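K.L.:
So that you have it, the file is my_file.cif, and it contains mmCIF, C-alpha atoms and all ligand atoms:
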```cif
data_input
loop_
_atom_site.group_PDB
_atom_site.id
_atom_site.type_symbol
_atom_site.label_atom_id
_atom_site.label_comp_id
_atom_site.auth_asym_id
_atom_site.auth_seq_id
_atom_site.Cartn_x
_atom_site.Cartn_y
_atom_site.Cartn_z
ATOM 1 C CA MET A 26 12.519 -10.961 24.949
ATOM 2 C CA PRO A 27 15.014 -10.687 22.078
ATOM 3 C CA PRO A 28 13.735 -9.154 18.836
ATOM 4 C CA VAL A 29 12.776 -11.589 16.067
ATOM 5 C CA PHE A 30 13.761 -11.004 12.423
ATOM 6 C CA ARG A 31 12.829 -13.082 9.400
ATOM 7 C CA PHE A 32 13.913 -13.502 5.797
ATOM 8 C CA ALA A 33 10.997 -14.763 3.692
ATOM 9 C CA PRO A 34 11.933 -15.734 0.118
ATOM 10 C CA SER A 35 9.643 -17.464 -2.372
ATOM 11 C CA PRO A 36 11.108 -20.592 -3.997
ATOM 12 C CA ASN A 37 9.971 -19.613 -7.485
ATOM 13 C CA GLY A 38 13.461 -18.992 -8.863
ATOM 14 C CA TYR A 39 17.087 -18.741 -7.794
ATOM 15 C CA LEU A 40 18.188 -16.025 -5.400
ATOM 16 C CA HIS A 41 19.995 -12.943 -6.741
ATOM 17 C CA LEU A 42 21.882 -9.985 -5.291
ATOM 18 C CA GLY A 43 18.647 -8.314 -4.179
ATOM 19 C CA HIS A 44 17.887 -11.306 -1.964
ATOM 20 C CA ALA A 45 21.474 -11.272 -0.695
ATOM 21 C CA LEU A 46 21.048 -7.667 0.462
ATOM 22 C CA SER A 47 17.790 -8.496 2.233
ATOM 23 C CA ALA A 48 19.092 -11.668 3.869
ATOM 24 C CA LEU A 49 22.383 -10.096 4.976
ATOM 25 C CA LEU A 50 20.652 -6.996 6.304
ATOM 26 C CA ASN A 51 18.280 -9.173 8.347
ATOM 27 C CA ALA A 52 21.242 -11.131 9.713
ATOM 28 C CA ASP A 53 23.285 -7.975 10.477
ATOM 29 C CA MET A 54 20.367 -6.239 12.198
ATOM 30 C CA ALA A 55 19.449 -9.356 14.196
ATOM 31 C CA ARG A 56 23.048 -9.716 15.354
ATOM 32 C CA ALA A 57 23.363 -6.033 16.275
ATOM 33 C CA ALA A 58 20.138 -6.198 18.290
ATOM 34 C CA GLY A 59 20.970 -9.514 19.983
ATOM 35 C CA GLY A 60 17.931 -10.924 18.195
ATOM 36 C CA ARG A 61 16.867 -14.148 16.508
ATOM 37 C CA LEU A 62 16.786 -14.816 12.763
ATOM 38 C CA LEU A 63 14.074 -16.970 11.195
ATOM 39 C CA LEU A 64 13.730 -18.190 7.648
ATOM 40 C CA ARG A 65 10.296 -18.585 6.097
ATOM 41 C CA ILE A 66 9.625 -20.248 2.761
ATOM 42 C CA GLU A 67 6.737 -18.476 1.030
ATOM 43 C CA ASP A 68 5.575 -21.276 -1.231
ATOM 44 C CA ILE A 69 1.827 -20.756 -1.626
ATOM 45 C CA ASP A 70 2.063 -20.430 -5.420
ATOM 46 C CA ALA A 71 2.017 -24.134 -6.328
ATOM 47 C CA THR A 72 2.402 -23.399 -10.049
ATOM 48 C CA ARG A 73 5.673 -21.474 -9.703
ATOM 49 C CA CYS A 74 7.360 -22.812 -6.554
ATOM 50 C CA ARG A 75 9.647 -25.829 -6.949
ATOM 51 C CA PRO A 76 11.607 -28.024 -4.506
ATOM 52 C CA GLU A 77 14.878 -27.403 -6.351
ATOM 53 C CA PHE A 78 14.524 -23.654 -5.808
ATOM 54 C CA GLU A 79 13.910 -24.239 -2.106
ATOM 55 C CA ALA A 80 16.997 -26.468 -1.868
ATOM 56 C CA ALA A 81 19.006 -23.753 -3.645
ATOM 57 C CA ILE A 82 17.793 -21.126 -1.141
ATOM 58 C CA TYR A 83 19.298 -23.131 1.739
ATOM 59 C CA GLN A 84 22.567 -23.562 -0.169
ATOM 60 C CA ASP A 85 22.850 -19.929 -1.172
ATOM 61 C CA LEU A 86 22.049 -18.618 2.306
ATOM 62 C CA ALA A 87 24.492 -20.993 3.975
ATOM 63 C CA TRP A 88 27.137 -19.839 1.476
ATOM 64 C CA LEU A 89 26.352 -16.245 2.490
ATOM 65 C CA GLY A 90 27.196 -17.266 6.062
ATOM 66 C CA LEU A 91 23.637 -17.041 7.403
ATOM 67 C CA HIS A 92 22.468 -19.061 10.387
ATOM 68 C CA TRP A 93 18.767 -19.446 10.948
ATOM 69 C CA GLU A 94 16.609 -21.328 13.416
ATOM 70 C CA GLN A 95 14.986 -24.697 12.744
ATOM 71 C CA PRO A 96 12.378 -25.706 11.872
ATOM 72 C CA VAL A 97 11.901 -23.440 8.867
ATOM 73 C CA ARG A 98 8.271 -22.411 8.433
ATOM 74 C CA ARG A 99 6.905 -23.374 5.022
ATOM 75 C CA GLN A 100 3.652 -21.632 4.227
ATOM 76 C CA SER A 101 2.264 -24.624 2.313
ATOM 77 C CA GLU A 102 2.273 -26.561 5.614
ATOM 78 C CA HIS A 103 0.098 -23.998 7.418
ATOM 79 C CA TYR A 104 -3.016 -23.686 5.296
ATOM 80 C CA ASP A 105 -5.205 -24.352 8.350
ATOM 81 C CA ASP A 106 -3.843 -21.203 10.019
ATOM 82 C CA TYR A 107 -4.822 -19.126 6.985
ATOM 83 C CA ARG A 108 -8.232 -20.818 6.751
ATOM 84 C CA SER A 109 -9.028 -19.914 10.345
ATOM 85 C CA ALA A 110 -7.890 -16.288 9.884
ATOM 86 C CA LEU A 111 -10.064 -16.091 6.779
ATOM 87 C CA ALA A 112 -12.994 -17.561 8.707
ATOM 88 C CA ARG A 113 -12.620 -14.791 11.295
ATOM 89 C CA LEU A 114 -12.761 -12.149 8.590
ATOM 90 C CA GLU A 115 -15.762 -13.917 7.041
ATOM 91 C CA ALA A 116 -17.495 -13.893 10.426
ATOM 92 C CA LEU A 117 -17.024 -10.105 10.454
ATOM 93 C CA ASP A 118 -18.782 -10.012 7.064
ATOM 94 C CA LEU A 119 -15.724 -8.572 5.336
ATOM 95 C CA VAL A 120 -15.163 -11.183 2.624
ATOM 96 C CA TYR A 121 -16.938 -11.824 -0.684
ATOM 97 C CA PRO A 122 -16.217 -14.006 -3.729
ATOM 98 C CA SER A 123 -15.567 -12.580 -7.192
ATOM 99 C CA PHE A 124 -15.579 -14.739 -10.292
ATOM 100 C CA GLU A 125 -14.020 -12.584 -13.014
ATOM 101 C CA SER A 126 -10.714 -13.475 -14.674
ATOM 102 C CA ARG A 127 -7.998 -10.846 -14.973
ATOM 103 C CA THR A 128 -9.049 -10.228 -18.593
ATOM 104 C CA GLU A 129 -12.675 -9.752 -17.563
ATOM 105 C CA ILE A 130 -11.646 -7.292 -14.864
ATOM 106 C CA ALA A 131 -9.633 -5.348 -17.461
ATOM 107 C CA ARG A 132 -12.754 -5.221 -19.660
ATOM 108 C CA LEU A 133 -15.004 -4.069 -16.798
ATOM 109 C CA VAL A 134 -12.504 -1.344 -15.979
ATOM 110 C CA GLU A 135 -12.272 -0.260 -19.615
ATOM 111 C CA MET A 136 -16.061 0.041 -19.773
ATOM 112 C CA ARG A 137 -15.897 2.480 -16.868
ATOM 113 C CA GLY A 138 -13.577 4.639 -18.979
ATOM 114 C CA GLY A 139 -11.496 7.563 -17.769
ATOM 115 C CA ASN A 140 -8.615 7.212 -15.378
ATOM 116 C CA TRP A 141 -9.634 4.132 -13.474
ATOM 117 C CA PRO A 142 -7.504 3.956 -10.267
ATOM 118 C CA ARG A 143 -4.589 1.539 -10.150
ATOM 119 C CA ASP A 144 -2.901 -0.050 -7.152
ATOM 120 C CA PRO A 145 0.715 0.783 -6.188
ATOM 121 C CA ASP A 146 1.898 -2.105 -8.401
ATOM 122 C CA GLY A 147 0.017 -0.673 -11.391
ATOM 123 C CA ALA A 148 -2.886 -3.160 -11.588
ATOM 124 C CA PRO A 149 -6.401 -1.703 -11.950
ATOM 125 C CA LEU A 150 -8.423 -1.801 -8.724
ATOM 126 C CA TYR A 151 -11.171 -4.390 -8.678
ATOM 127 C CA PRO A 152 -14.335 -2.488 -9.655
ATOM 128 C CA GLY A 153 -16.436 -4.281 -7.050
ATOM 129 C CA ASP A 154 -19.012 -5.777 -9.427
ATOM 130 C CA ALA A 155 -19.323 -9.058 -7.497
ATOM 131 C CA LYS A 156 -20.009 -7.300 -4.205
ATOM 132 C CA SER A 157 -23.694 -6.900 -4.995
ATOM 133 C CA MET A 158 -24.215 -10.517 -6.132
ATOM 134 C CA SER A 159 -26.934 -12.342 -4.190
ATOM 135 C CA ALA A 160 -25.996 -15.041 -1.709
ATOM 136 C CA THR A 161 -27.896 -17.616 -3.776
ATOM 137 C CA GLU A 162 -26.027 -16.709 -6.953
ATOM 138 C CA ARG A 163 -22.674 -16.852 -5.125
ATOM 139 C CA ALA A 164 -23.490 -20.269 -3.703
ATOM 140 C CA ARG A 165 -24.686 -21.516 -7.098
ATOM 141 C CA ARG A 166 -21.510 -20.458 -8.902
ATOM 142 C CA MET A 167 -19.220 -21.828 -6.216
ATOM 143 C CA ALA A 168 -21.099 -25.134 -6.168
ATOM 144 C CA ALA A 169 -20.790 -25.277 -9.973
ATOM 145 C CA GLY A 170 -16.998 -25.328 -9.502
ATOM 146 C CA GLU A 171 -16.275 -21.924 -11.051
ATOM 147 C CA PRO A 172 -12.895 -20.422 -10.146
ATOM 148 C CA TYR A 173 -13.159 -17.537 -7.697
ATOM 149 C CA ALA A 174 -11.136 -15.161 -5.545
ATOM 150 C CA LEU A 175 -12.183 -14.171 -2.022
ATOM 151 C CA ARG A 176 -11.814 -10.415 -1.583
ATOM 152 C CA LEU A 177 -11.711 -8.075 1.375
ATOM 153 C CA ASP A 178 -14.478 -5.488 1.409
ATOM 154 C CA MET A 179 -12.010 -2.646 1.892
ATOM 155 C CA GLN A 180 -14.429 0.183 2.721
ATOM 156 C CA THR A 181 -16.252 -1.826 5.381
ATOM 157 C CA ALA A 182 -12.967 -3.112 6.801
ATOM 158 C CA LEU A 183 -11.567 0.420 7.075
ATOM 159 C CA LYS A 184 -14.669 1.587 8.932
ATOM 160 C CA ARG A 185 -14.081 -1.125 11.557
ATOM 161 C CA VAL A 186 -10.529 -0.131 12.401
ATOM 162 C CA GLY A 187 -10.115 3.577 11.646
ATOM 163 C CA PRO A 188 -6.777 5.181 10.695
ATOM 164 C CA LEU A 189 -3.658 3.015 11.034
ATOM 165 C CA THR A 190 0.059 3.799 11.048
ATOM 166 C CA TRP A 191 3.342 1.922 11.214
ATOM 167 C CA ASN A 192 6.809 2.681 12.437
ATOM 168 C CA GLU A 193 9.327 2.792 9.559
ATOM 169 C CA THR A 194 13.023 2.691 10.372
ATOM 170 C CA GLY A 195 14.203 2.181 6.789
ATOM 171 C CA ALA A 196 12.679 4.236 3.982
ATOM 172 C CA GLY A 197 9.873 4.007 1.460
ATOM 173 C CA PRO A 198 10.344 4.574 -2.287
ATOM 174 C CA ALA A 199 9.930 8.333 -1.770
ATOM 175 C CA GLY A 200 12.113 8.414 1.346
ATOM 176 C CA GLU A 201 9.209 8.036 3.797
ATOM 177 C CA ILE A 202 10.444 7.427 7.337
ATOM 178 C CA GLY A 203 9.123 7.494 10.919
ATOM 179 C CA THR A 204 5.390 7.202 11.565
ATOM 180 C CA ILE A 205 3.747 6.296 8.258
ATOM 181 C CA ALA A 206 0.007 6.623 7.634
ATOM 182 C CA ALA A 207 -1.142 3.269 6.251
ATOM 183 C CA ASP A 208 -3.186 3.522 3.057
ATOM 184 C CA PRO A 209 -4.667 0.068 2.435
ATOM 185 C CA SER A 210 -7.453 1.582 0.323
ATOM 186 C CA ALA A 211 -4.840 2.168 -2.400
ATOM 187 C CA TRP A 212 -5.171 -1.576 -3.104
ATOM 188 C CA GLY A 213 -8.981 -1.701 -3.294
ATOM 189 C CA ASP A 214 -10.746 -4.968 -2.484
ATOM 190 C CA VAL A 215 -7.568 -7.095 -2.242
ATOM 191 C CA ILE A 216 -7.616 -10.841 -2.762
ATOM 192 C CA LEU A 217 -7.322 -12.850 0.468
ATOM 193 C CA ALA A 218 -7.611 -16.361 -0.959
ATOM 194 C CA ARG A 219 -8.549 -18.256 -4.092
ATOM 195 C CA LYS A 220 -10.575 -21.344 -4.814
ATOM 196 C CA GLU A 221 -7.475 -23.545 -4.941
ATOM 197 C CA THR A 222 -5.301 -21.670 -2.380
ATOM 198 C CA PRO A 223 -6.697 -20.708 1.028
ATOM 199 C CA THR A 224 -4.505 -17.613 1.298
ATOM 200 C CA SER A 225 -2.869 -14.769 -0.583
ATOM 201 C CA TYR A 226 0.553 -13.225 0.025
ATOM 202 C CA HIS A 227 -0.975 -10.490 2.220
ATOM 203 C CA LEU A 228 -2.991 -12.800 4.478
ATOM 204 C CA ALA A 229 -0.170 -15.346 4.863
ATOM 205 C CA VAL A 230 2.383 -12.646 5.778
ATOM 206 C CA ALA A 231 0.110 -11.082 8.398
ATOM 207 C CA VAL A 232 -0.726 -14.466 9.943
ATOM 208 C CA ASP A 233 2.848 -15.807 9.820
ATOM 209 C CA ASP A 234 4.589 -12.733 11.212
ATOM 210 C CA ALA A 235 2.282 -12.985 14.230
ATOM 211 C CA ALA A 236 2.533 -16.798 14.512
ATOM 212 C CA GLN A 237 6.323 -16.569 14.479
ATOM 213 C CA GLY A 238 6.472 -13.667 16.934
ATOM 214 C CA VAL A 239 8.254 -11.462 14.376
ATOM 215 C CA THR A 240 9.062 -8.053 15.874
ATOM 216 C CA ASP A 241 11.097 -6.620 12.978
ATOM 217 C CA VAL A 242 10.204 -6.913 9.298
ATOM 218 C CA VAL A 243 13.188 -6.072 7.092
ATOM 219 C CA ARG A 244 12.425 -6.310 3.357
ATOM 220 C CA GLY A 245 12.730 -4.498 0.031
ATOM 221 C CA CYS A 246 10.970 -1.163 -0.460
ATOM 222 C CA ASP A 247 8.944 -2.701 -3.305
ATOM 223 C CA LEU A 248 6.779 -4.033 -0.444
ATOM 224 C CA PHE A 249 6.512 -0.673 1.362
ATOM 225 C CA HIS A 250 2.945 0.060 0.186
ATOM 226 C CA SER A 251 1.805 -3.517 0.905
ATOM 227 C CA THR A 252 2.479 -2.769 4.560
ATOM 228 C CA GLY A 253 -0.782 -0.798 4.620
ATOM 229 C CA VAL A 254 -2.718 -3.993 3.851
ATOM 230 C CA HIS A 255 -0.680 -5.949 6.408
ATOM 231 C CA ARG A 256 -1.444 -3.358 9.088
ATOM 232 C CA LEU A 257 -5.156 -3.539 8.238
ATOM 233 C CA LEU A 258 -5.209 -7.344 8.475
ATOM 234 C CA GLN A 259 -3.291 -7.192 11.763
ATOM 235 C CA ALA A 260 -5.847 -4.745 13.167
ATOM 236 C CA LEU A 261 -8.844 -6.798 11.972
ATOM 237 C CA LEU A 262 -7.390 -10.055 13.322
ATOM 238 C CA GLY A 263 -6.097 -8.576 16.585
ATOM 239 C CA LEU A 264 -2.454 -9.371 15.759
ATOM 240 C CA PRO A 265 0.537 -7.422 17.105
ATOM 241 C CA GLN A 266 2.315 -4.969 14.806
ATOM 242 C CA PRO A 267 6.024 -5.401 14.071
ATOM 243 C CA ARG A 268 8.461 -2.581 13.317
ATOM 244 C CA TYR A 269 9.177 -2.171 9.605
ATOM 245 C CA HIS A 270 12.443 -1.485 7.850
ATOM 246 C CA HIS A 271 12.201 -1.283 4.058
ATOM 247 C CA HIS A 272 15.534 -1.235 2.291
ATOM 248 C CA ARG A 273 16.725 0.014 -1.095
ATOM 249 C CA LEU A 274 16.531 -2.345 -4.062
ATOM 250 C CA ILE A 275 19.463 -3.546 -6.118
ATOM 251 C CA LEU A 276 18.880 -2.422 -9.694
ATOM 252 C CA ASP A 277 20.311 -3.773 -12.943
ATOM 253 C CA ALA A 278 22.368 -1.730 -15.406
ATOM 254 C CA ASP A 279 19.125 -0.363 -16.928
ATOM 255 C CA GLY A 280 17.806 0.760 -13.544
ATOM 256 C CA ARG A 281 15.255 -2.058 -13.307
ATOM 257 C CA LYS A 282 14.551 -4.256 -10.295
ATOM 258 C CA LEU A 283 16.481 -7.547 -10.527
ATOM 259 C CA SER A 284 14.455 -10.495 -11.690
ATOM 260 C CA LYS A 285 15.018 -14.113 -10.828
ATOM 261 C CA SER A 286 15.994 -14.942 -14.399
ATOM 262 C CA THR A 287 18.922 -12.524 -14.640
ATOM 263 C CA PHE A 288 21.974 -14.776 -14.666
ATOM 264 C CA ALA A 289 24.486 -11.958 -14.224
ATOM 265 C CA THR A 290 23.293 -11.338 -10.675
ATOM 266 C CA GLY A 291 22.294 -14.838 -9.559
ATOM 267 C CA LEU A 292 24.018 -15.971 -6.382
ATOM 268 C CA ARG A 293 24.680 -19.442 -7.822
ATOM 269 C CA GLU A 294 26.356 -17.964 -10.877
ATOM 270 C CA LEU A 295 28.459 -15.582 -8.808
ATOM 271 C CA ARG A 296 29.496 -18.450 -6.556
ATOM 272 C CA ALA A 297 30.429 -20.580 -9.593
ATOM 273 C CA GLN A 298 32.548 -17.680 -10.863
ATOM 274 C CA GLY A 299 34.481 -17.804 -7.590
ATOM 275 C CA ALA A 300 33.006 -14.770 -5.806
ATOM 276 C CA GLY A 301 33.337 -14.903 -2.022
ATOM 277 C CA MET A 302 31.129 -13.620 0.756
ATOM 278 C CA ALA A 303 33.135 -10.398 1.070
ATOM 279 C CA ALA A 304 32.675 -9.634 -2.634
ATOM 280 C CA ILE A 305 28.922 -10.151 -2.355
ATOM 281 C CA ARG A 306 28.680 -7.878 0.676
ATOM 282 C CA GLN A 307 30.593 -5.258 -1.257
ATOM 283 C CA ARG A 308 28.458 -5.608 -4.378
ATOM 284 C CA VAL A 309 25.272 -5.031 -2.390
ATOM 285 C CA GLY A 310 26.821 -2.050 -0.638
ATOM 286 C CA LEU A 311 27.019 -3.475 2.874
ATOM 287 C CA ASP A 312 30.704 -2.853 3.612
HETATM 288 N N1 LIG A 401 8.113 -13.593 -0.226
HETATM 289 C C1 LIG A 401 8.278 -12.219 -0.546
HETATM 290 C C2 LIG A 401 9.297 -12.063 -1.665
HETATM 291 O O1 LIG A 401 10.059 -12.992 -1.916
HETATM 292 C C3 LIG A 401 8.749 -11.390 0.638
HETATM 293 C C4 LIG A 401 7.681 -11.181 1.636
HETATM 294 C C5 LIG A 401 8.033 -10.297 2.833
HETATM 295 O O2 LIG A 401 9.209 -10.123 3.166
HETATM 296 O O3 LIG A 401 7.088 -9.812 3.450
HETATM 297 O O4 LIG A 401 9.305 -11.036 -2.292
#
```
Would you mind writing the structure in this file as structure tokens?
Ligand code: GLU
P.N.:
Amino acid sequence: MPPVFRFAPSPNGYLHLGHALSALLNADMARAAGGRLLLRIEDIDATRCRPEFEAAIYQDLAWLGLHWEQPVRRQSEHYDDYRSALARLEALDLVYPSFESRTEIARLVEMRGGNWPRDPDGAPLYPGDAKSMSATERARRMAAGEPYALRLDMQTALKRVGPLTWNETGAGPAGEIGTIAADPSAWGDVILARKETPTSYHLAVAVDDAAQGVTDVVRGCDLFHSTGVHRLLQALLGLPQPRYHHHRLILDADGRKLSKSTFATGLRELRAQGAGMAAIRQRVGLD
């Protein structure tokens, strides 16, 4: 069976040089391994994703010379898959609703004082207040239409699966390589779904990589630590584990990660200025 690679952008802005590196690296590695290349549109965030950004992704990738298989998987068309994965985690008693807004969580954390732990992206860990809420109270608040997030009970989940690792052929932010010890607990009780969206990034990625038979995940090292959560979800749901290759990020002149609003590095802008594929490969350090 040939290896399966995927590039998985979110259509919430136009692609930039960082995406070009990721897409080209996926294509290069798939070609070198005699593998397949899939494209996945990660469009679960209905407030930020737009059809024109999705159309631009196809244009930009075709301009980069990429060929990908059809049909393209769009996450918004697979909510039933995420619902059934969530139901399996619920059946294991690993999921609970929390009702606090981000501001309320910040206040709860402040009340705890001291150095409250933060996740690898810098957000405070959820303090777990809703975990002890009675079933009746949960049902009452959900029936009343309150917004909620469904969270993974991390400690209980970890007890079910024991220590997990993954095989890293790229490098983490601190140069980690080889067999990596997964540390999903660094994220606390992560969100798996919300009232209006039956999945989160983490759940959708774990479900989709398995559904698409992905064997090789090649993506930016800003997602290195998220891999711990993906490994945990794979273990809980009985899904196979891919190999992981996290690549360096393209930084702007100030050493910051590129954002989708930076015109100087947008692929559309560079194309309009007459840049060719060779120039892009060179700018992202691939030749
Ligand atoms: N959709 C994510 C992004 O655009 C990438 C997810 C992944 O490669 O696992 O950052």
K.L.:
Please write the residues picked by the PyMOL selection byres (((chain A and resi 97-108) around 8) and not hetatm) on this file as an NGL selection string.
P.N.:
:A and (63-69 or 94-96 or 109-112 or 223-224 or 228-229 or 232)
K.L.:
Counting all atoms listed in the file, figure out which residue out of A:Ile305, A:Ala33, A:Ala52, A:Ala58 gets nearest to ligand LIG 401 (chain A).
P.N.:
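Closest residue, counting all atoms listed in the file: A:Ala33.
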K.L.:
List the spatial neighbours of stretch 246-257 of chain A as a PyMOL selection string - criterion: any atom at most 7 Å away, all atoms listed in the file, same-chain residues fewer than 4 positions off excluded.
P.N.:
chain A and resi 145+197-198+207-209+227+231+261+271-274
K.L.:
Given the file shown, determine the residues that the PyMOL selection byres (((chain A and resi 218) around 8) and not hetatm) selects; report them as a list in words.
P.N.:
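Going through the file, the PyMOL selection byres (((chain A and resi 218) around 8) and not hetatm) ends up selecting Ala174, Leu175, Arg176, Ile216, Leu217, Arg219, Lys220, Thr222, Pro223, Thr224, Ser225 and Leu228 of chain A.
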K.L.:
Given the file shown, enumerate the residues that the PyMOL selection byres (((chain A and resi 27) around 6) and not hetatm) captures and present them as an NGL selection string.
P.N.:
:A and (26 or 28 or 60)
K.L.:
Could you check which of A:Ala87, A:Ala57, A:Ala169, A:Val242 is closest to A:Val230, using all atoms listed in the file?
P.N.:
A:Val242
K.L.:
So that I can check the surroundings of A:Arg165, please list as a list of chain:residue names every protein, DNA and RNA residue that reaches within 12 Å of it, counting all atoms listed in the file and ignoring chain neighbours fewer than 6 positions away.
P.N.:
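So the residues in contact are A:Pro122, A:Phe124, A:Met158, A:Ser159, A:Glu171.
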K.L.:
Which neighbours of stretch 212-215 of chain A fall inside 7 Å, counting all atoms listed in the file, when residues of the same chain fewer than 3 positions from it are skipped, and could you give them as a PyMOL selection string?
P.N.:
chain A and resi 144+150-151+176-179+209
K.L.:
Identify, on the basis of all atoms listed in the file, every residue whose closest approach to A:Glu79 does not exceed 10 Å; exclude the query and any residue fewer than 5 positions from it along the same chain; express the result as a ChimeraX atom specification.
P.N.:
/A:34-40,66-68,74,84-85
K.L.:
Go ahead and dump the residues you just picked, C-alpha atoms, as a PDB file, in the frame of the given file.
P.N.:
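And here is the file that came out, result26.pdb:
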```
ATOM      1  CA  PRO A  34      11.933 -15.734   0.118  1.00  0.00           C
ATOM      2  CA  SER A  35       9.643 -17.464  -2.372  1.00  0.00           C
ATOM      3  CA  PRO A  36      11.108 -20.592  -3.997  1.00  0.00           C
ATOM      4  CA  ASN A  37       9.971 -19.613  -7.485  1.00  0.00           C
ATOM      5  CA  GLY A  38      13.461 -18.992  -8.863  1.00  0.00           C
ATOM      6  CA  TYR A  39      17.087 -18.741  -7.794  1.00  0.00           C
ATOM      7  CA  LEU A  40      18.188 -16.025  -5.400  1.00  0.00           C
ATOM      8  CA  ILE A  66       9.625 -20.248   2.761  1.00  0.00           C
ATOM      9  CA  GLU A  67       6.737 -18.476   1.030  1.00  0.00           C
ATOM     10  CA  ASP A  68       5.575 -21.276  -1.231  1.00  0.00           C
ATOM     11  CA  CYS A  74       7.360 -22.812  -6.554  1.00  0.00           C
ATOM     12  CA  GLN A  84      22.567 -23.562  -0.169  1.00  0.00           C
ATOM     13  CA  ASP A  85      22.850 -19.929  -1.172  1.00  0.00           C
TER      14      ASP A  85
END
```
K.L.:
For A:Leu276, find every residue with an atom within 12 Å (counting only C-alpha atoms), except residues of its own chain fewer than 6 positions away, and show them as number ranges by chain.
P.N.:
A: 41-44, 46, 245, 247, 282-284, 287, 289-290, 308-309
K.L.:
Around all the atoms of stretch 180-199 of chain A listed in the file, with 8 Å of room on each side, what axis-aligned box do you get, giving centre and edge lengths in Å to one decimal, as lines of an AutoDock Vina configuration file?
P.N.:
```
center_x = -1.0
center_y = 2.6
center_z = 5.1
size_x = 46.5
size_y = 27.4
size_z = 30.7
```
K.L.:
Kindly indicate which residue among A:Glu193, A:Asp312, A:Glu77, A:Asp118 lies nearest to A:Asp241, using all atoms listed in the file for the distances.
P.N.:
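Of A:Glu193, A:Asp312, A:Glu77, A:Asp118, the one nearest A:Asp241 is A:Glu193, counting all atoms listed in the file.
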K.L.:
Which is closest to ligand LIG 401 (chain A) among A:Ala48, A:Val134, A:Ala168, A:Leu119, if we use all atoms listed in the file?
P.N.:
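Residue with the minimum atom-to-atom distance to ligand LIG 401 (chain A): A:Ala48.
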K.L.:
To one decimal place in Å, what is the distance between atom CA of A:Val186 and atom CA of A:Phe32?
P.N.:
28.6 Å
K.L.:
So how far away is atom CA of A:Val120 from atom CA of A:Thr204, in Å?
P.N.:
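Atom CA of A:Thr204 sits 29.0 Å away from atom CA of A:Val120.
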K.L.:
With all atoms listed in the file as the atoms that count, which of A:Val29, A:Asn140, A:Ala71, A:Arg163 lies nearest to A:Ala236?
P.N.:
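Looking only at the distances to A:Ala236, the closest residue turns out to be A:Val29.
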K.L.:
Looking at A:Asp53, A:Asp277, A:Asp234, A:Glu201, which one is nearest to ligand LIG 401 (chain A), with distances taken over only C-alpha atoms and all ligand atoms?
P.N.:
A:Asp234
K.L.:
From the block I gave, I'd like stretch 238-247 of chain A written with N, CA, C and O atoms, as an mmCIF file, in the first residue's frame.
P.N.:
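Saved file decode-v9.cif follows:
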```cif
data_model
loop_
_atom_site.group_PDB
_atom_site.id
_atom_site.type_symbol
_atom_site.label_atom_id
_atom_site.label_comp_id
_atom_site.auth_asym_id
_atom_site.auth_seq_id
_atom_site.Cartn_x
_atom_site.Cartn_y
_atom_site.Cartn_z
ATOM 1 N N GLY A 238 -7.160 7.277 5.699
ATOM 2 C CA GLY A 238 -6.036 6.343 5.609
ATOM 3 C C GLY A 238 -4.687 7.052 5.557
ATOM 4 O O GLY A 238 -3.733 6.546 4.943
ATOM 5 N N VAL A 239 -4.591 8.223 6.215
ATOM 6 C CA VAL A 239 -3.343 8.988 6.186
ATOM 7 C C VAL A 239 -2.254 8.234 6.953
ATOM 8 O O VAL A 239 -2.458 7.826 8.100
ATOM 9 N N THR A 240 -1.115 8.034 6.322
ATOM 10 C CA THR A 240 0.001 7.346 6.986
ATOM 11 C C THR A 240 1.085 8.324 7.415
ATOM 12 O O THR A 240 1.898 8.013 8.286
ATOM 13 N N ASP A 241 1.112 9.523 6.782
ATOM 14 C CA ASP A 241 2.182 10.480 7.040
ATOM 15 C C ASP A 241 1.620 11.890 7.189
ATOM 16 O O ASP A 241 1.094 12.448 6.229
ATOM 17 N N VAL A 242 1.721 12.429 8.408
ATOM 18 C CA VAL A 242 1.252 13.784 8.667
ATOM 19 C C VAL A 242 2.453 14.721 8.598
ATOM 20 O O VAL A 242 3.385 14.604 9.390
ATOM 21 N N VAL A 243 2.431 15.620 7.615
ATOM 22 C CA VAL A 243 3.513 16.595 7.451
ATOM 23 C C VAL A 243 2.893 17.970 7.652
ATOM 24 O O VAL A 243 2.000 18.372 6.905
ATOM 25 N N ARG A 244 3.315 18.686 8.702
ATOM 26 C CA ARG A 244 2.698 19.980 9.021
ATOM 27 C C ARG A 244 3.666 20.806 9.851
ATOM 28 O O ARG A 244 4.716 20.315 10.299
ATOM 29 N N GLY A 245 3.309 22.073 10.078
ATOM 30 C CA GLY A 245 4.198 23.005 10.763
ATOM 31 C C GLY A 245 4.448 22.616 12.220
ATOM 32 O O GLY A 245 3.597 21.989 12.855
ATOM 33 N N CYS A 246 5.608 22.999 12.746
ATOM 34 C CA CYS A 246 5.939 22.572 14.117
ATOM 35 C C CYS A 246 5.147 23.356 15.171
ATOM 36 O O CYS A 246 5.232 23.050 16.354
ATOM 37 N N ASP A 247 4.314 24.310 14.735
ATOM 38 C CA ASP A 247 3.387 24.929 15.696
ATOM 39 C C ASP A 247 2.327 23.914 16.147
ATOM 40 O O ASP A 247 1.653 24.136 17.149
#
```
